[in-house]
file final07.tsv (TSV, C-alpha atoms)
chain	number	residue	atom	x	y	z
A	1	MET	CA	73.23	125.40	130.43
A	2	ARG	CA	76.75	124.87	129.12
A	3	LYS	CA	78.04	127.72	126.98
A	4	ASN	CA	80.02	125.22	124.96
A	5	PRO	CA	78.22	121.91	124.31
A	6	PHE	CA	81.50	120.05	123.86
A	7	PRO	CA	83.87	118.97	126.63
A	8	GLU	CA	87.50	120.06	126.42
A	9	ASN	CA	88.49	116.84	124.66
A	10	PRO	CA	85.52	114.99	123.11
A	11	TRP	CA	87.94	112.37	121.76
A	12	ASP	CA	88.08	110.89	125.27
A	13	ASP	CA	84.49	109.71	124.86
A	14	PRO	CA	84.51	106.22	123.26
A	15	ASN	CA	81.28	106.81	121.35
A	16	TRP	CA	82.48	110.13	119.89
A	17	TYR	CA	85.78	108.48	119.04
A	18	ASP	CA	84.13	105.65	117.12
A	19	LEU	CA	81.76	107.96	115.26
A	20	HIS	CA	84.34	110.55	114.22
A	21	ASP	CA	87.65	108.70	113.88
A	22	HIS	CA	87.10	107.59	110.27
A	23	GLU	CA	85.98	111.10	109.23
A	24	TRP	CA	88.89	113.07	110.63
A	25	THR	CA	91.64	113.13	108.02
A	26	ALA	CA	91.37	110.79	105.07
A	27	GLY	CA	87.59	111.06	104.87
A	28	GLN	CA	84.88	108.46	105.11
A	29	GLU	CA	85.51	107.16	101.59
A	30	LYS	CA	89.21	106.42	102.28
A	31	GLU	CA	89.31	105.23	105.90
A	32	PRO	CA	87.92	101.74	105.22
A	33	GLU	CA	90.55	101.35	102.49
A	34	HIS	CA	93.25	102.46	104.94
A	35	TYR	CA	92.19	99.90	107.54
A	36	HIS	CA	91.86	97.23	104.86
A	37	GLU	CA	95.39	97.97	103.61
A	38	PHE	CA	96.60	97.71	107.19
A	39	LEU	CA	94.98	94.29	107.57
A	40	VAL	CA	96.26	92.82	104.31
A	41	ALA	CA	99.79	94.11	105.00
A	42	LEU	CA	100.08	91.85	108.05
A	43	PRO	CA	101.71	88.42	107.90
A	44	PRO	CA	99.56	85.32	108.56
A	45	LEU	CA	98.70	85.12	112.27
A	46	ASP	CA	97.71	82.02	114.26
A	47	HIS	CA	97.63	80.48	117.73
A	48	GLU	CA	101.37	81.05	118.29
A	49	ASP	CA	101.14	84.81	117.82
A	50	HIS	CA	100.83	87.46	120.52
A	51	LEU	CA	99.58	90.83	119.28
A	52	VAL	CA	100.06	94.00	121.35
A	53	ASP	CA	97.88	96.95	120.35
A	54	VAL	CA	99.57	100.11	121.64
A	55	GLY	CA	97.14	102.97	122.26
A	56	CYS	CA	94.34	100.66	121.21
A	57	GLY	CA	91.53	103.18	121.66
A	58	THR	CA	88.26	101.27	121.38
A	59	GLY	CA	89.95	98.27	119.77
A	60	LYS	CA	88.84	98.75	116.18
A	61	LEU	CA	92.12	97.71	114.59
A	62	SER	CA	92.80	94.71	116.81
A	63	ALA	CA	89.18	93.55	116.39
A	64	LEU	CA	89.58	93.80	112.62
A	65	ILE	CA	92.68	91.64	112.87
A	66	ALA	CA	90.98	89.14	115.18
A	67	ASP	CA	88.05	88.87	112.78
A	68	GLY	CA	90.49	88.06	109.98
A	69	TYR	CA	92.56	85.69	112.12
A	70	PRO	CA	90.18	84.04	114.64
A	71	ASP	CA	92.91	81.58	115.74
A	72	LEU	CA	95.09	84.46	116.98
A	73	GLY	CA	96.79	83.27	120.16
A	74	PHE	CA	96.73	86.30	122.46
A	75	VAL	CA	96.09	90.05	122.44
A	76	THR	CA	97.37	92.71	124.85
A	77	LEU	CA	95.50	96.02	124.75
A	78	VAL	CA	97.42	99.07	126.02
A	79	GLU	CA	95.36	102.22	126.51
A	80	PRO	CA	95.26	104.93	129.25
A	81	ASN	CA	91.57	105.83	128.78
A	82	GLN	CA	89.58	103.36	130.89
A	83	GLN	CA	86.32	103.78	128.97
A	84	LYS	CA	88.00	103.11	125.65
A	85	LEU	CA	89.94	100.20	127.13
A	86	GLN	CA	86.75	98.55	128.36
A	87	ARG	CA	85.16	99.00	124.93
A	88	ALA	CA	88.22	97.42	123.33
A	89	LYS	CA	88.22	94.52	125.79
A	90	SER	CA	84.54	93.85	125.12
A	91	ARG	CA	85.16	93.83	121.37
A	92	LEU	CA	88.09	91.45	121.56
A	93	THR	CA	86.65	89.01	124.09
A	94	LYS	CA	83.55	88.57	121.91
A	95	ILE	CA	85.84	87.34	119.14
A	96	LEU	CA	88.64	85.53	120.99
A	97	GLY	CA	87.26	84.81	124.46
A	98	THR	CA	88.30	86.15	127.85
A	99	GLN	CA	91.38	83.94	128.22
A	100	LYS	CA	93.11	85.46	125.21
A	101	VAL	CA	92.87	89.15	126.09
A	102	GLN	CA	95.02	91.17	128.51
A	103	THR	CA	94.39	94.85	129.23
A	104	ILE	CA	96.92	97.40	130.51
A	105	ALA	CA	95.65	100.85	131.49
A	106	SER	CA	98.76	102.91	130.82
A	107	PRO	CA	100.09	105.56	128.42
A	108	VAL	CA	103.05	104.64	126.29
A	109	GLY	CA	106.35	106.48	126.71
A	110	LYS	CA	105.49	108.14	130.02
A	111	GLY	CA	107.88	106.13	132.17
A	112	ASP	CA	105.38	103.55	133.40
A	113	ASP	CA	106.61	99.96	133.65
A	114	ILE	CA	104.37	98.07	131.21
A	115	SER	CA	104.82	94.32	131.61
A	116	LEU	CA	103.39	91.92	129.05
A	117	LEU	CA	102.63	88.33	130.02
A	118	LYS	CA	105.01	87.26	127.25
A	119	PRO	CA	106.92	89.02	124.47
A	120	ALA	CA	104.81	89.95	121.48
A	121	THR	CA	105.39	88.58	118.00
A	122	ILE	CA	103.71	91.64	116.49
A	123	ALA	CA	102.92	95.17	117.69
A	124	ILE	CA	100.44	97.54	116.10
A	125	VAL	CA	100.05	101.29	116.64
A	126	GLY	CA	97.01	102.98	115.14
A	127	SER	CA	97.34	106.76	114.81
A	128	VAL	CA	98.72	107.37	118.30
A	129	LEU	CA	102.18	108.91	118.05
A	130	MET	CA	101.69	111.77	115.60
A	131	PRO	CA	98.53	113.22	117.24
A	132	ILE	CA	100.36	113.30	120.58
A	133	LEU	CA	103.31	115.11	119.00
A	134	GLU	CA	100.97	117.64	117.39
A	135	ASP	CA	99.24	118.40	120.70
A	136	TRP	CA	102.43	118.43	122.79
A	137	LYS	CA	102.41	121.43	125.14
A	138	ASP	CA	106.08	121.43	126.13
A	139	THR	CA	109.28	122.03	124.16
A	140	PRO	CA	110.07	120.32	120.84
A	141	GLN	CA	112.99	118.53	122.49
A	142	SER	CA	110.75	117.08	125.21
A	143	ALA	CA	108.33	115.94	122.50
A	144	MET	CA	111.08	114.07	120.68
A	145	ASP	CA	112.37	112.64	123.95
A	146	TRP	CA	108.89	111.27	124.62
A	147	LEU	CA	108.69	109.80	121.11
A	148	GLN	CA	111.98	107.97	121.61
A	149	ARG	CA	110.80	106.59	124.96
A	150	ALA	CA	107.56	105.41	123.33
A	151	LEU	CA	109.30	103.78	120.37
A	152	THR	CA	111.89	102.16	122.64
A	153	GLN	CA	109.10	100.80	124.82
A	154	ILE	CA	107.30	99.36	121.79
A	155	HIS	CA	110.62	97.87	120.63
A	156	GLY	CA	110.93	96.23	124.05
A	157	PHE	CA	107.47	94.64	123.81
A	158	LEU	CA	108.59	92.55	120.84
A	159	GLU	CA	110.47	89.30	120.78
A	160	ARG	CA	113.57	89.08	118.60
A	161	SER	CA	112.61	89.40	114.93
A	162	GLY	CA	109.14	90.61	115.95
A	163	TRP	CA	107.47	93.16	113.68
A	164	ALA	CA	105.76	96.47	114.36
A	165	TYR	CA	103.12	97.95	112.05
A	166	LEU	CA	102.36	101.62	112.57
A	167	LEU	CA	99.38	103.30	110.96
A	168	GLU	CA	100.01	107.03	111.31
A	169	THR	CA	99.11	110.44	109.94
A	170	THR	CA	102.36	112.20	109.13
A	171	ALA	CA	103.01	115.89	108.45
A	172	ARG	CA	100.57	117.39	105.98
A	173	PHE	CA	102.95	118.52	103.25
A	174	TRP	CA	100.28	120.77	101.69
A	175	ILE	CA	99.87	122.80	104.91
A	176	PRO	CA	103.06	124.83	105.65
A	177	ARG	CA	103.91	125.21	109.33
A	178	GLY	CA	104.20	128.72	110.67
A	179	PRO	CA	107.07	129.99	112.85
A	180	HIS	CA	104.84	129.79	115.96
A	181	GLU	CA	104.28	126.04	115.55
A	182	ASN	CA	106.99	124.41	117.62
A	183	ASN	CA	105.60	120.88	117.69
A	184	GLY	CA	103.88	118.84	115.04
A	185	ARG	CA	103.69	115.61	113.15
A	186	LEU	CA	106.88	114.30	111.58
A	187	THR	CA	107.45	113.86	107.89
A	188	ASN	CA	107.48	110.26	106.79
A	189	LEU	CA	111.28	110.31	106.32
A	190	ASP	CA	111.82	111.77	109.80
A	191	PHE	CA	109.52	109.12	111.22
A	192	HIS	CA	111.65	106.43	109.58
A	193	SER	CA	114.76	107.98	111.14
A	194	GLU	CA	113.23	107.98	114.62
A	195	LEU	CA	112.24	104.32	114.28
A	196	GLU	CA	115.79	103.42	113.30
A	197	ARG	CA	117.15	105.47	116.20
A	198	ALA	CA	114.96	103.44	118.56
A	199	GLY	CA	116.62	100.23	117.32
A	200	PHE	CA	114.26	99.05	114.60
A	201	ASP	CA	115.51	97.90	111.22
A	202	SER	CA	113.89	97.00	107.88
A	203	VAL	CA	111.86	100.22	108.15
A	204	GLU	CA	109.55	100.53	105.15
A	205	THR	CA	106.45	102.47	104.15
A	206	ILE	CA	104.11	99.87	102.68
A	207	TYR	CA	101.08	102.11	102.04
A	208	ARG	CA	100.49	105.82	101.63
A	209	PHE	CA	97.52	108.00	100.81
A	210	ARG	CA	98.18	111.74	101.24
A	211	ASP	CA	99.31	112.02	104.87
A	212	ARG	CA	98.15	108.56	105.89
A	213	VAL	CA	100.92	105.95	106.00
A	214	ILE	CA	101.47	102.39	107.13
A	215	VAL	CA	105.06	101.80	108.20
A	216	ARG	CA	106.51	98.39	108.95
A	217	CYS	CA	109.69	97.74	110.93
A	218	ARG	CA	111.38	94.91	112.81
A	219	ARG	CA	113.19	94.34	116.07
A	220	PRO	CA	116.53	92.78	114.99
call {"tool": "encode", "arguments": {"input": "final07.tsv", "output": "structure tokens"}}
result
Amino acid sequence: MRKNPFPENPWDDPNWYDLHDHEWTAGQEKEPEHYHEFLVALPPLDHEDHLVDVGCGTGKLSALIADGYPDLGFVTLVEPNQQKLQRAKSRLTKILGTQKVQTIASPVGKGDDISLLKPATIAIVGSVLMPILEDWKDTPQSAMDWLQRALTQIHGFLERSGWAYLLETTARFWIPRGPHENNGRLTNLDFHSELERAGFDSVETIYRFRDRVIVRCRRP
């Protein structure tokens, strides 16, 4: 019998992820609103658009978008967890068909060469960057170096004038960080600065509830 019924990281399990993701921070009553705000913040999407979902998890956000825009041209799902990636692929192919979905099993910002079939017109990132920063085991400088690599990679996925929409959970301003906490989530202003440093412009927070934000930015 296992002394601890939970594995080291239950978030790796796609079923656990789907059941618990909406409960984690904003609470069950706010998460649907957060996803809805994310969806309505997007521009109209059609057959000419290529969406790349970076750290797609089980594909909830990209499936929500595909449901709203069934004529979406193409979707690339980027996710290192194979089980989650297969769940995401199944979700998206049921909506768009197999010919419109590409999967890439790779982490963002880790130095892997991620090649899209064509540049994306829009990139989405759903609560990927800040959790990784918070759990980073190395130095703060290495954490920020990784973040810049990740943002630069996302920037490179986009065609000129392509937009990125990032749904993130920034630093919890009501929970002070102690002196032992070297790494953590960025404030919203610091996040804006890092996006600009990676080459994005027109950086704007278009929704905020407590620590949950939706940030939009553009590749010039």
call {"tool": "atom_distance", "arguments": {"input": "final07.tsv", "atom1": "atom CA of A:Leu64", "atom2": "atom CA of A:Ala41"}}
result
12.7 Å
call {"tool": "closest_residue", "arguments": {"input": "final07.tsv", "among": "A:Pro140, A:Gly68, A:Gly126, A:Gly73", "to": "A:Glu48", "atoms": "only C-alpha atoms"}}
result
A:Gly73
call {"tool": "atom_distance", "arguments": {"input": "final07.tsv", "atom1": "atom CA of A:Asp211", "atom2": "atom CA of A:Leu166"}}
result
13.3 Å
call {"tool": "residues_around", "arguments": {"input": "final07.tsv", "residues": "A:Phe209", "least_positions_apart": "2", "cutoff": "10 Å", "atoms": "only C-alpha atoms", "output": "NGL selection string"}}
result
:A and (26 or 30 or 33-34 or 169 or 207 or 211-214)
call {"tool": "write_last_selection", "arguments": {"input": "final07.tsv", "atoms": "C-alpha atoms", "output": "CSV table (one decimal), in the frame of the given file"}}
result
chain,number,residue,atom,x,y,z
A,26,ALA,CA,91.4,110.8,105.1
A,30,LYS,CA,89.2,106.4,102.3
A,33,GLU,CA,90.6,101.4,102.5
A,34,HIS,CA,93.2,102.5,104.9
A,169,THR,CA,99.1,110.4,109.9
A,207,TYR,CA,101.1,102.1,102.0
A,211,ASP,CA,99.3,112.0,104.9
A,212,ARG,CA,98.2,108.6,105.9
A,213,VAL,CA,100.9,106.0,106.0
A,214,ILE,CA,101.5,102.4,107.1
call {"tool": "residues_around", "arguments": {"input": "final07.tsv", "residues": "stretch 86-91 of chain A", "least_positions_apart": "2", "cutoff": "6 Å", "atoms": "all atoms listed in the file", "output": "ChimeraX atom specification"}}
result
/A:58-59,83-84,93-94
call {"tool": "residues_around", "arguments": {"input": "final07.tsv", "residues": "A:Ala143", "least_positions_apart": "2", "cutoff": "10 Å", "atoms": "all atoms listed in the file", "output": "list in words"}}
result
Ile132, Leu133, Glu134, Asp135, Trp136, Lys137, Asp138, Thr139, Pro140, Gln141, Asp145, Trp146, Leu147, Gln148, Arg149, Asn182, Asn183 and Gly184 of chain A
call {"tool": "write_last_selection", "arguments": {"input": "final07.tsv", "atoms": "C-alpha atoms", "output": "compact mmCIF listing (two decimals), in the coordinates of the input"}}
result
# COMPACT_ATOMS: atom_id res chain seq x y z
CA ILE A 132 100.36 113.30 120.58
CA LEU A 133 103.31 115.11 119.00
CA GLU A 134 100.97 117.64 117.39
CA ASP A 135 99.24 118.40 120.70
CA TRP A 136 102.43 118.43 122.79
CA LYS A 137 102.41 121.43 125.14
CA ASP A 138 106.08 121.43 126.13
CA THR A 139 109.28 122.03 124.16
CA PRO A 140 110.07 120.32 120.84
CA GLN A 141 112.99 118.53 122.49
CA ASP A 145 112.37 112.64 123.95
CA TRP A 146 108.89 111.27 124.62
CA LEU A 147 108.69 109.80 121.11
CA GLN A 148 111.98 107.97 121.61
CA ARG A 149 110.80 106.59 124.96
CA ASN A 182 106.99 124.41 117.62
CA ASN A 183 105.60 120.88 117.69
CA GLY A 184 103.88 118.84 115.04
call {"tool": "atom_distance", "arguments": {"input": "final07.tsv", "atom1": "atom CA of A:Val75", "atom2": "atom CA of A:Cys217"}}
result
19.4 Å
call {"tool": "closest_residue", "arguments": {"input": "final07.tsv", "among": "A:Ser142, A:Thr76, A:Asn81, A:Ser161", "to": "A:Leu116", "atoms": "all atoms listed in the file"}}
result
A:Thr76
call {"tool": "closest_residue", "arguments": {"input": "final07.tsv", "among": "A:Val101, A:Ala171, A:Lys60, A:Leu186", "to": "A:Arg210", "atoms": "all atoms listed in the file"}}
result
A:Ala171
call {"tool": "residues_near_point", "arguments": {"input": "final07.tsv", "point": "(103.4, 80.8, 117.6)", "cutoff": "10 Å", "atoms": "only C-alpha atoms", "output": "list in words"}}
result
Leu45, Asp46, His47, Glu48, Asp49, His50, Leu72, Gly73, Phe74 and Thr121 of chain A
call {"tool": "write_last_selection", "arguments": {"input": "final07.tsv", "atoms": "C-alpha atoms", "output": "PDB file, keeping the file's coordinate frame"}}
result
ATOM      1  CA  LEU A  45      98.700  85.120 112.270  1.00  0.00           C
ATOM      2  CA  ASP A  46      97.710  82.020 114.260  1.00  0.00           C
ATOM      3  CA  HIS A  47      97.630  80.480 117.730  1.00  0.00           C
ATOM      4  CA  GLU A  48     101.370  81.050 118.290  1.00  0.00           C
ATOM      5  CA  ASP A  49     101.140  84.810 117.820  1.00  0.00           C
ATOM      6  CA  HIS A  50     100.830  87.460 120.520  1.00  0.00           C
ATOM      7  CA  LEU A  72      95.090  84.460 116.980  1.00  0.00           C
ATOM      8  CA  GLY A  73      96.790  83.270 120.160  1.00  0.00           C
ATOM      9  CA  PHE A  74      96.730  86.300 122.460  1.00  0.00           C
ATOM     10  CA  THR A 121     105.390  88.580 118.000  1.00  0.00           C
TER      11      THR A 121
END
call {"tool": "residues_around", "arguments": {"input": "final07.tsv", "residues": "A:Pro43", "least_positions_apart": "6", "cutoff": "12 Å", "atoms": "all atoms listed in the file", "output": "list in words"}}
result
Asp49, Leu51, Ile65, Gly68, Tyr69, Leu72, Thr121, Ile122, Ala123, Gly162, Trp163, Ala164, Tyr165 and Arg216 of chain A
call {"tool": "closest_residue", "arguments": {"input": "final07.tsv", "among": "A:Gln82, A:Thr170, A:Ser62, A:Asn15", "to": "A:Val125", "atoms": "all atoms listed in the file"}}
result
A:Ser62
call {"tool": "closest_residue", "arguments": {"input": "final07.tsv", "among": "A:Asn9, A:Asn188, A:Thr152, A:Thr103", "to": "A:Ile206", "atoms": "only C-alpha atoms"}}
result
A:Asn188
call {"tool": "residues_around", "arguments": {"input": "final07.tsv", "residues": "A:Val78", "least_positions_apart": "3", "cutoff": "9 Å", "atoms": "all atoms listed in the file", "output": "PyMOL selection string"}}
result
chain A and resi 52-57+85+102-108+114
call {"tool": "closest_residue", "arguments": {"input": "final07.tsv", "among": "A:Arg208, A:Lys110, A:His36, A:Arg219", "to": "A:Glu196", "atoms": "all atoms listed in the file"}}
result
A:Arg219
